$ cat target25.pdb   # PDB, C-alpha atoms
ATOM      1  CA  ALA A   1       0.000   0.000   0.000
ATOM      2  CA  ALA A   2       2.842   2.369   0.863
ATOM      3  CA  MET A   3       4.567   1.619  -2.442
ATOM      4  CA  LEU A   4       1.361   2.245  -4.373
ATOM      5  CA  SER A   5       0.809   5.524  -2.535
ATOM      6  CA  TYR A   6       4.373   6.645  -3.276
ATOM      7  CA  SER A   7       4.025   5.732  -6.944
ATOM      8  CA  THR A   8       0.752   7.639  -7.192
ATOM      9  CA  PHE A   9       2.236  10.686  -5.451
ATOM     10  CA  LEU A  10       5.385  10.708  -7.575
ATOM     11  CA  ASN A  11       3.695  10.328 -10.934
ATOM     12  CA  GLY A  12       1.010  12.809  -9.900
ATOM     13  CA  THR A  13       3.706  15.352  -9.042
ATOM     14  CA  ILE A  14       5.460  14.810 -12.356
ATOM     15  CA  ALA A  15       2.155  15.144 -14.189
ATOM     16  CA  VAL A  16       1.615  18.537 -12.534
ATOM     17  CA  LEU A  17       5.149  19.643 -13.415
ATOM     18  CA  PHE A  18       4.533  18.447 -16.943
ATOM     19  CA  GLN A  19       1.460  20.654 -17.249
ATOM     20  CA  LEU A  20       3.322  23.599 -15.726
ATOM     21  CA  ARG A  21       6.299  22.962 -18.037
ATOM     22  CA  ARG A  22       8.622  23.110 -15.049
ATOM     23  CA  GLY A  23      10.797  20.880 -12.879
ATOM     24  CA  MET A  24      12.867  19.234 -15.627
ATOM     25  CA  SER A  25      15.814  19.048 -13.234
ATOM     26  CA  LEU A  26      13.866  16.718 -10.911
ATOM     27  CA  ILE A  27      15.162  13.632 -12.727
ATOM     28  CA  GLY A  28      18.755  14.701 -12.105
ATOM     29  CA  LYS A  29      20.124  14.375 -15.636
ATOM     30  CA  ASP A  30      23.667  15.672 -16.093
ATOM     31  CA  THR A  31      23.385  18.119 -19.008
ATOM     32  CA  LYS A  32      27.135  17.963 -19.682
ATOM     33  CA  LYS A  33      27.587  14.196 -19.715
ATOM     34  CA  GLY A  34      24.030  13.185 -20.615
ATOM     35  CA  THR A  35      23.885  10.666 -17.775
ATOM     36  CA  ILE A  36      21.133   9.794 -15.289
ATOM     37  CA  PRO A  37      22.438   9.271 -11.727
ATOM     38  CA  LEU A  38      21.827   6.009  -9.908
ATOM     39  CA  TRP A  39      19.853   7.732  -7.153
ATOM     40  CA  SER A  40      17.310   8.831  -9.739
ATOM     41  CA  TYR A  41      16.621   5.257 -10.819
ATOM     42  CA  VAL A  42      16.363   4.142  -7.173
ATOM     43  CA  LEU A  43      14.198   6.935  -5.811
ATOM     44  CA  LEU A  44      12.114   7.563  -8.920
ATOM     45  CA  PHE A  45      11.671   3.971 -10.113
ATOM     46  CA  PRO A  46       7.849   4.296 -10.331
ATOM     47  CA  PHE A  47       8.453   6.913 -13.015
ATOM     48  CA  HIS A  48      11.424   5.378 -14.819
ATOM     49  CA  GLY A  49       9.986   1.866 -15.104
ATOM     50  CA  PRO A  50       6.749   2.664 -16.972
ATOM     51  CA  THR A  51       8.498   5.367 -19.024
ATOM     52  CA  TYR A  52      11.156   2.985 -20.309
ATOM     53  CA  ALA A  53       8.608   0.253 -21.015
ATOM     54  CA  TYR A  54       6.233   2.545 -22.904
ATOM     55  CA  THR A  55       9.006   4.167 -24.946
ATOM     56  CA  TYR A  56      10.479   0.795 -25.901
ATOM     57  CA  LEU A  57       7.116  -0.556 -27.076
ATOM     58  CA  HIS A  58       6.224   2.688 -28.827
ATOM     59  CA  THR A  59       9.566   2.653 -30.662
ATOM     60  CA  LYS A  60       9.411  -0.980 -31.704
ATOM     61  CA  MET A  61       5.725  -1.023 -32.662
ATOM     62  CA  GLY A  62       5.316   2.458 -34.150
ATOM     63  CA  LYS A  63       4.083   2.673 -37.756
ATOM     64  CA  MET A  64       3.940   5.468 -40.332
ATOM     65  CA  ARG A  65       3.057   5.929 -43.974
ATOM     66  CA  PRO A  66       6.003   5.362 -46.337
ATOM     67  CA  PRO A  67       8.261   8.386 -46.843
ATOM     68  CA  SER A  68       7.548  10.337 -50.033
ATOM     69  CA  ALA A  69      10.070  11.604 -52.544
ATOM     70  CA  ALA A  70       8.634  15.105 -52.466
ATOM     71  CA  PRO A  71       6.004  16.941 -50.416
ATOM     72  CA  SER A  72       2.628  17.907 -51.833
ATOM     73  CA  SER A  73       1.350  21.449 -51.315
ATOM     74  CA  ASP A  74      -2.193  20.373 -52.238
ATOM     75  CA  GLU A  75      -3.984  19.304 -49.049
ATOM     76  CA  SER A  76      -6.530  17.139 -50.883
ATOM     77  CA  HIS A  77      -3.780  15.411 -52.837
ATOM     78  CA  ARG A  78      -1.823  14.840 -49.636
ATOM     79  CA  LYS A  79      -4.889  13.337 -47.931
ATOM     80  CA  LYS A  80      -5.423  11.046 -50.912
ATOM     81  CA  ASN A  81      -1.831   9.849 -50.665
ATOM     82  CA  ASP A  82      -2.247   9.285 -46.926
ATOM     83  CA  ASP A  83      -5.360   7.174 -47.570
ATOM     84  CA  GLU A  84      -3.551   5.146 -50.221
ATOM     85  CA  HIS A  85      -0.683   4.394 -47.843
ATOM     86  CA  GLU A  86      -2.954   3.638 -44.887
ATOM     87  CA  GLN A  87      -2.863  -0.099 -45.587
ATOM     88  CA  GLN A  88       0.873  -0.245 -46.255
ATOM     89  CA  LYS A  89       2.414   1.515 -43.280
ATOM     90  CA  VAL A  90       6.052   0.883 -42.421
ATOM     91  CA  PRO A  91       7.915   0.830 -39.097
ATOM     92  CA  VAL A  92       9.047   4.200 -37.772
ATOM     93  CA  PRO A  93      12.879   4.334 -37.926
ATOM     94  CA  VAL A  94      14.725   5.086 -34.707
ATOM     95  CA  ALA A  95      16.040   8.125 -36.611
ATOM     96  CA  SER A  96      15.538   9.515 -40.108
ATOM     97  CA  GLN A  97      17.942  11.484 -42.269
ATOM     98  CA  VAL A  98      15.468  14.168 -43.337
ATOM     99  CA  GLN A  99      18.102  16.095 -45.303
ATOM    100  CA  PRO A 100      21.703  15.099 -46.098
ATOM    101  CA  GLY A 101      23.515  15.170 -42.769
ATOM    102  CA  TRP A 102      20.431  16.153 -40.741
ATOM    103  CA  TRP A 103      18.749  13.513 -38.553
ATOM    104  CA  VAL A 104      15.554  13.548 -36.478
ATOM    105  CA  GLY A 105      15.102  10.665 -34.080
ATOM    106  CA  GLY A 106      14.224   9.253 -30.697
ATOM    107  CA  CYS A 107      16.160   7.944 -27.720
ATOM    108  CA  TYR A 108      17.165   4.796 -29.631
ATOM    109  CA  SER A 109      19.057   6.810 -32.243
ATOM    110  CA  HIS A 110      22.304   5.261 -31.011
ATOM    111  CA  GLU A 111      21.414   2.263 -33.190
ATOM    112  CA  ILE A 112      22.215   4.358 -36.284
ATOM    113  CA  GLN A 113      25.633   3.710 -37.794
ATOM    114  CA  LEU A 114      27.074   6.596 -39.794
ATOM    115  CA  PRO A 115      29.068   5.993 -42.988
ATOM    116  CA  MET A 116      32.612   4.808 -42.338
ATOM    117  CA  GLN A 117      32.033   4.876 -38.581
ATOM    118  CA  GLN A 118      32.524   8.625 -38.392
ATOM    119  CA  PRO A 119      31.383  10.432 -35.232
ATOM    120  CA  TRP A 120      28.411  12.758 -35.076
ATOM    121  CA  ALA A 121      29.303  16.392 -35.638
ATOM    122  CA  GLY A 122      26.773  17.348 -32.982
ATOM    123  CA  ILE A 123      23.882  15.953 -30.983
ATOM    124  CA  VAL A 124      21.002  17.949 -29.520
ATOM    125  CA  ASP A 125      19.437  15.877 -26.744
ATOM    126  CA  LEU A 126      15.982  17.033 -25.629
ATOM    127  CA  THR A 127      15.134  14.235 -23.209
ATOM    128  CA  VAL A 128      14.746  14.547 -19.467
ATOM    129  CA  GLU A 129      14.385  10.878 -18.636
ATOM    130  CA  PHE A 130      16.908   9.048 -20.845
ATOM    131  CA  PRO A 131      20.711   8.941 -20.792
ATOM    132  CA  GLU A 132      22.543   9.948 -23.961
ATOM    133  CA  LYS A 133      23.956   6.759 -25.472
ATOM    134  CA  CYS A 134      25.706   8.551 -28.345
ATOM    135  CA  ARG A 135      27.696  10.849 -26.049
ATOM    136  CA  ALA A 136      31.001   9.048 -26.601
ATOM    137  CA  ASN A 137      30.581   9.182 -30.374
ATOM    138  CA  THR A 138      29.952  12.873 -30.924
ATOM    139  CA  LEU A 139      32.257  15.859 -31.185
ATOM    140  CA  ASN A 140      29.722  18.276 -29.706
ATOM    141  CA  TYR A 141      26.818  17.753 -27.334
ATOM    142  CA  LEU A 142      23.985  20.019 -26.246
ATOM    143  CA  CYS A 143      21.353  18.899 -23.752
ATOM    144  CA  LEU A 144      18.163  20.933 -23.423
ATOM    145  CA  PRO A 145      15.978  18.678 -21.243
ATOM    146  CA  THR A 146      12.242  19.155 -21.756
ATOM    147  CA  TRP A 147       9.222  17.067 -20.808
ATOM    148  CA  ASP A 148       7.549  15.024 -23.525
ATOM    149  CA  GLY A 149       5.376  17.339 -25.635
ATOM    150  CA  VAL A 150       6.919  20.495 -24.168
ATOM    151  CA  PRO A 151       8.936  22.488 -26.746
ATOM    152  CA  CYS A 152      12.090  24.505 -26.270
ATOM    153  CA  SER A 153      11.593  28.202 -25.637
ATOM    154  CA  PRO A 154      12.403  30.627 -28.493
ATOM    155  CA  GLU A 155      15.707  31.356 -26.750
ATOM    156  CA  GLN A 156      16.536  27.663 -26.502
ATOM    157  CA  LEU A 157      15.601  27.164 -30.147
ATOM    158  CA  GLU A 158      18.097  29.854 -31.088
ATOM    159  CA  GLU A 159      20.743  28.288 -28.866
ATOM    160  CA  ALA A 160      20.210  24.899 -30.489
ATOM    161  CA  ALA A 161      20.182  26.311 -34.032
ATOM    162  CA  VAL A 162      23.462  28.171 -33.470
ATOM    163  CA  PHE A 163      24.926  25.056 -31.851
ATOM    164  CA  CYS A 164      24.145  23.019 -34.983
ATOM    165  CA  MET A 165      25.853  25.573 -37.219
ATOM    166  CA  GLU A 166      28.964  25.660 -35.057
ATOM    167  CA  ALA A 167      29.054  21.860 -34.711
ATOM    168  CA  ARG A 168      29.149  21.474 -38.483
ATOM    169  CA  LYS A 169      32.028  23.944 -38.714
ATOM    170  CA  ASP A 170      33.838  22.147 -35.920
ATOM    171  CA  TRP A 171      33.452  18.802 -37.707
ATOM    172  CA  ILE A 172      35.001  20.239 -40.871
ATOM    173  CA  ARG A 173      37.979  21.516 -38.875
ATOM    174  CA  TRP A 174      38.249  18.132 -37.158
ATOM    175  CA  TRP A 175      38.203  16.321 -40.487
ATOM    176  CA  LYS A 176      40.873  18.507 -42.045
ATOM    177  CA  GLN A 177      43.100  18.213 -39.000
ATOM    178  CA  ASN A 178      42.832  14.466 -38.518
ATOM    179  CA  TYR A 179      42.229  12.884 -41.903
ATOM    180  CA  SER A 180      42.669  15.087 -44.935
ATOM    181  CA  ARG A 181      46.358  15.621 -44.073
ATOM    182  CA  GLY A 182      47.382  12.352 -42.593
ATOM    183  CA  GLY A 183      45.772  12.649 -39.201
ATOM    184  CA  ASN A 184      46.599  13.324 -35.610
ATOM    185  CA  ASP A 185      46.439  10.131 -33.575
ATOM    186  CA  ASN A 186      46.068  12.003 -30.310
ATOM    187  CA  ALA A 187      43.170  14.207 -31.357
ATOM    188  CA  VAL A 188      40.343  11.669 -31.533
ATOM    189  CA  ASP A 189      39.956   8.323 -29.809
ATOM    190  CA  LEU A 190      39.296   6.140 -32.837
ATOM    191  CA  ALA A 191      40.796   2.767 -33.698
ATOM    192  CA  ASP A 192      43.499   2.605 -36.399
ATOM    193  CA  SER A 193      41.210   0.475 -38.563
ATOM    194  CA  GLN A 194      38.562   3.187 -38.416
ATOM    195  CA  LYS A 195      41.071   5.855 -39.424
ATOM    196  CA  GLN A 196      42.342   3.777 -42.323
ATOM    197  CA  SER A 197      38.784   3.127 -43.485
ATOM    198  CA  MET A 198      37.955   6.823 -43.415
ATOM    199  CA  GLN A 199      41.196   7.827 -45.117
ATOM    200  CA  GLN A 200      40.424   5.485 -48.003
ATOM    201  CA  GLN A 201      37.230   7.362 -48.832
ATOM    202  CA  GLN A 202      37.164  10.593 -50.751
ATOM    203  CA  THR A 203      36.562  13.716 -48.707
ATOM    204  CA  GLU A 204      33.467  14.703 -50.645
ATOM    205  CA  GLN A 205      31.737  11.476 -49.602
ATOM    206  CA  LEU A 206      31.868  12.539 -45.956
ATOM    207  CA  ILE A 207      29.659  15.262 -44.554
ATOM    208  CA  PRO A 208      29.001  16.405 -40.986
ATOM    209  CA  HIS A 209      25.979  14.718 -39.436
ATOM    210  CA  ILE A 210      23.743  16.425 -36.881
ATOM    211  CA  LEU A 211      21.336  14.402 -34.732
ATOM    212  CA  ILE A 212      18.435  16.099 -32.968
ATOM    213  CA  HIS A 213      16.471  13.690 -30.831
ATOM    214  CA  CYS A 214      13.807  13.519 -28.157
ATOM    215  CA  ALA A 215      12.155  10.357 -26.827
ATOM    216  CA  HIS A 216      10.198   9.351 -29.937
ATOM    217  CA  GLY A 217      11.482  11.635 -32.706
ATOM    218  CA  ARG A 218       8.170  13.279 -33.466
ATOM    219  CA  GLY A 219       7.541  16.631 -31.795
ATOM    220  CA  ARG A 220      10.304  18.179 -29.687
ATOM    221  CA  SER A 221      13.100  17.142 -32.056
ATOM    222  CA  THR A 222      11.100  18.303 -35.073
ATOM    223  CA  THR A 223      10.617  21.717 -33.471
ATOM    224  CA  VAL A 224      14.352  22.203 -33.044
ATOM    225  CA  MET A 225      15.120  20.824 -36.503
ATOM    226  CA  CYS A 226      12.794  23.388 -38.084
ATOM    227  CA  ALA A 227      14.730  26.197 -36.410
ATOM    228  CA  ALA A 228      18.108  24.684 -37.320
ATOM    229  CA  MET A 229      17.215  24.354 -41.000
ATOM    230  CA  VAL A 230      16.009  27.944 -41.204
ATOM    231  CA  LYS A 231      19.137  29.138 -39.394
ATOM    232  CA  MET A 232      21.277  27.272 -41.930
ATOM    233  CA  GLY A 233      19.475  29.022 -44.770
ATOM    234  CA  MET A 234      17.971  25.809 -46.106
ATOM    235  CA  PHE A 235      14.451  27.251 -45.790
ATOM    236  CA  SER A 236      13.111  30.748 -45.208
ATOM    237  CA  HIS A 237      10.349  29.791 -42.759
ATOM    238  CA  TRP A 238       9.871  27.064 -40.187
ATOM    239  CA  GLU A 239       6.667  25.826 -41.846
ATOM    240  CA  GLU A 240       8.583  25.256 -45.077
ATOM    241  CA  ALA A 241      11.219  23.349 -43.143
ATOM    242  CA  LEU A 242       8.517  21.165 -41.590
ATOM    243  CA  GLU A 243       6.484  20.408 -44.707
ATOM    244  CA  GLN A 244       9.266  20.335 -47.297
ATOM    245  CA  GLY A 245      12.365  19.430 -45.337
ATOM    246  CA  ILE A 246      11.229  17.000 -42.638
ATOM    247  CA  ARG A 247       7.833  15.375 -43.136
ATOM    248  CA  PRO A 248       8.535  13.900 -46.600
ATOM    249  CA  SER A 249      11.273  11.741 -45.049
ATOM    250  CA  ARG A 250       9.638  11.280 -41.641
ATOM    251  CA  PRO A 251       5.849  11.624 -42.025
ATOM    252  CA  VAL A 252       5.260  10.814 -38.358
ATOM    253  CA  CYS A 253       6.677  14.206 -37.313
ATOM    254  CA  LYS A 254       4.099  16.680 -36.051
ATOM    255  CA  LEU A 255       3.902  19.813 -33.910
ATOM    256  CA  ASN A 256       1.407  20.740 -31.224
ATOM    257  CA  ALA A 257       0.048  24.255 -30.719
ATOM    258  CA  LYS A 258       2.734  25.258 -28.208
ATOM    259  CA  MET A 259       5.513  24.076 -30.492
ATOM    260  CA  ARG A 260       4.107  26.103 -33.374
ATOM    261  CA  LYS A 261       3.712  29.154 -31.150
ATOM    262  CA  ASN A 262       7.322  28.982 -29.947
ATOM    263  CA  LEU A 263       8.598  28.525 -33.486
ATOM    264  CA  GLU A 264       6.577  31.503 -34.656
ATOM    265  CA  GLU A 265       8.015  33.629 -31.867
ATOM    266  CA  TRP A 266      11.520  32.399 -32.676
ATOM    267  CA  GLN A 267      11.022  33.162 -36.375
ATOM    268  CA  ARG A 268       9.835  36.676 -35.619
ATOM    269  CA  LYS A 269      12.570  37.464 -33.089
ATOM    270  CA  TYR A 270      15.635  35.769 -34.552
ATOM    271  CA  VAL A 271      14.947  35.594 -38.285
ATOM    272  CA  ASP A 272      12.433  38.161 -39.519
ATOM    273  CA  HIS A 273      13.513  40.882 -37.096
ATOM    274  CA  VAL A 274      17.188  40.362 -37.853
ATOM    275  CA  SER A 275      16.563  40.339 -41.605
ATOM    276  CA  ALA A 276      14.544  43.553 -41.320
ATOM    277  CA  GLY A 277      17.343  45.158 -39.313
ATOM    278  CA  VAL A 278      19.903  44.223 -41.939
ATOM    279  CA  GLY A 279      17.676  45.696 -44.619
ATOM    280  CA  VAL A 280      17.303  48.976 -42.710
ATOM    281  CA  ASP A 281      21.049  49.230 -42.117
ATOM    282  CA  SER A 282      21.782  48.621 -45.798
ATOM    283  CA  GLU A 283      19.281  51.249 -46.863
ATOM    284  CA  THR A 284      20.712  53.762 -44.371
ATOM    285  CA  LYS A 285      24.250  53.180 -45.652
ATOM    286  CA  ARG A 286      23.086  53.541 -49.247
ATOM    287  CA  LYS A 287      21.417  56.879 -48.513
ATOM    288  CA  LYS A 288      24.523  58.150 -46.727
ATOM    289  CA  GLY A 289      26.588  57.114 -49.715
ATOM    290  CA  ASP A 290      24.273  59.090 -52.015
TER     291      ASP A 290
END
$ encode --input "target25.pdb" --output "structure tokens"
Amino acid sequence: AAMLSYSTFLNGTIAVLFQLRRGMSLIGKDTKKGTIPLWSYVLLFPFHGPTYAYTYLHTKMGKMRPPSAAPSSDESHRKKNDDEHEQQKVPVPVASQVQPGWWVGGCYSHEIQLPMQQPWAGIVDLTVEFPEKCRANTLNYLCLPTWDGVPCSPEQLEEAAVFCMEARKDWIRWWKQNYSRGGNDNAVDLADSQKQSMQQQQTEQLIPHILIHCAHGRGRSTTVMCAAMVKMGMFSHWEEALEQGIRPSRPVCKLNAKMRKNLEEWQRKYVDHVSAGVGVDSETKRKKGD
């Protein structure tokens, strides 16, 4: 009875924090190392147990319509395609490469093997409740723990988008330093066989890979990916990034109202406002020149 009461109290408390979008630090995740401390598993086992079980089953049993080669802007045509694929759904991958070098996934993304065993250029981890299993195989790591269904704030979206840009640049520097000119054995902890395999491939075949993941690879990770793609200049607006850059390769991705609201605020503050400021400055300089 005491155990049942504790379990009810704990999960009730977390449910309240979930609704308030607060208390992400309760689980004790180390945002630098991506680890969950032992005390968390011991004291919060009524939360961890069901969470792990549900996520495992959801990952292994999840289905989606087959990815399409290109998105359709016609809503009726898209619905028709969805109906046609309803009877031939495929398993949801643990992670999907939605654009070359850009991955959206869940907490089982560590099962993905990159070409020639190269490390990830950067990983954005949005989970509160899961340890980061790719931590040892990435050059850069950013943890922004959020509850399931709760998006990053506009400020966090900007932080993550900038992180992705810098991680790609860092990977290019790493590649040039360690492989394009013979390598530096002390720079990266990779086996000699891995280095030889990578050196045998042409440089243009290797690109930096960014992984953005939450628990299931549907909402939180998609929100951040939209911002990252716009920041990279791949799309001008987050809705374009969602419909043209992400959903064709991972149709299961979707955003709730709060995610859309935060992306809209981010777009206005960090993209549209900045672009307008640049335009004003250019016009002012032109007039002064005249």
$ resolve_selection --input "target25.pdb" --expression "the PyMOL selection byres ((chain A and resi 43-51) around 9)" --output "list of chain:residue names"
A:Met3, A:Tyr6, A:Ser7, A:Thr8, A:Leu10, A:Asn11, A:Ile14, A:Ile27, A:Leu38, A:Trp39, A:Ser40, A:Tyr41, A:Val42, A:Tyr52, A:Ala53, A:Tyr54, A:Thr55, A:Tyr56, A:Glu129, A:Phe130
$ write_last_selection --input "target25.pdb" --atoms "C-alpha atoms" --output "compact mmCIF listing (two decimals), in the coordinates of the input"
# COMPACT_ATOMS: atom_id res chain seq x y z
CA MET A 3 4.57 1.62 -2.44
CA TYR A 6 4.37 6.64 -3.28
CA SER A 7 4.03 5.73 -6.94
CA THR A 8 0.75 7.64 -7.19
CA LEU A 10 5.38 10.71 -7.58
CA ASN A 11 3.70 10.33 -10.93
CA ILE A 14 5.46 14.81 -12.36
CA ILE A 27 15.16 13.63 -12.73
CA LEU A 38 21.83 6.01 -9.91
CA TRP A 39 19.85 7.73 -7.15
CA SER A 40 17.31 8.83 -9.74
CA TYR A 41 16.62 5.26 -10.82
CA VAL A 42 16.36 4.14 -7.17
CA TYR A 52 11.16 2.98 -20.31
CA ALA A 53 8.61 0.25 -21.02
CA TYR A 54 6.23 2.54 -22.90
CA THR A 55 9.01 4.17 -24.95
CA TYR A 56 10.48 0.80 -25.90
CA GLU A 129 14.38 10.88 -18.64
CA PHE A 130 16.91 9.05 -20.84
$ resolve_selection --input "target25.pdb" --expression "the PyMOL selection byres ((chain A and resi 19) around 12)" --output "tab-separated table (two decimals) with C-alpha atoms, keeping the file's coordinate frame"
chain	number	residue	atom	x	y	z
A	12	GLY	CA	1.01	12.81	-9.90
A	13	THR	CA	3.71	15.35	-9.04
A	14	ILE	CA	5.46	14.81	-12.36
A	15	ALA	CA	2.15	15.14	-14.19
A	16	VAL	CA	1.62	18.54	-12.53
A	17	LEU	CA	5.15	19.64	-13.42
A	18	PHE	CA	4.53	18.45	-16.94
A	20	LEU	CA	3.32	23.60	-15.73
A	21	ARG	CA	6.30	22.96	-18.04
A	22	ARG	CA	8.62	23.11	-15.05
A	23	GLY	CA	10.80	20.88	-12.88
A	24	MET	CA	12.87	19.23	-15.63
A	146	THR	CA	12.24	19.16	-21.76
A	147	TRP	CA	9.22	17.07	-20.81
A	148	ASP	CA	7.55	15.02	-23.52
A	149	GLY	CA	5.38	17.34	-25.64
A	150	VAL	CA	6.92	20.50	-24.17
A	258	LYS	CA	2.73	25.26	-28.21
$ closest_residue --input "target25.pdb" --among "A:Arg260, A:Lys33, A:His58, A:Arg268" --to "Ala136 (chain A)" --atoms "only C-alpha atoms"
A:Lys33
$ closest_residue --input "target25.pdb" --among "A:Ala95, A:Leu211, A:Leu142, A:Val274" --to "Lys32 (chain A)" --atoms "only C-alpha atoms"
A:Leu142
$ atom_distance --input "target25.pdb" --atom1 "CA of Asp125 (chain A)" --atom2 "CA of Ile210 (chain A)"
11.0 Å
$ closest_residue --input "target25.pdb" --among "A:His237, A:Lys269, A:Arg250, A:Lys231" --to "Gly219 (chain A)" --atoms "all atoms listed in the file"
A:Arg250
$ atom_distance --input "target25.pdb" --atom1 "CA of Gly34 (chain A)" --atom2 "CA of Gly217 (chain A)"
17.5 Å
$ atom_distance --input "target25.pdb" --atom1 "CA of Pro151 (chain A)" --atom2 "CA of Asn262 (chain A)"
7.4 Å
$ resolve_selection --input "target25.pdb" --expression "the PyMOL selection byres ((chain A and resi 134) around 12)" --output "number ranges by chain"
A: 33-35, 106-114, 119-125, 130-133, 135-142, 210-213
$ closest_residue --input "target25.pdb" --among "A:Asp30, A:Glu159, A:Asp170, A:Glu239" --to "Tyr270 (chain A)" --atoms "all atoms listed in the file"
A:Glu159
$ closest_residue --input "target25.pdb" --among "A:Thr222, A:Ser153, A:Ser25, A:Gln267" --to "Arg247 (chain A)" --atoms "only C-alpha atoms"
A:Thr222
$ closest_residue --input "target25.pdb" --among "A:Leu263, A:Met232, A:Met225, A:Val128" --to "Glu166 (chain A)" --atoms "only C-alpha atoms"
A:Met232
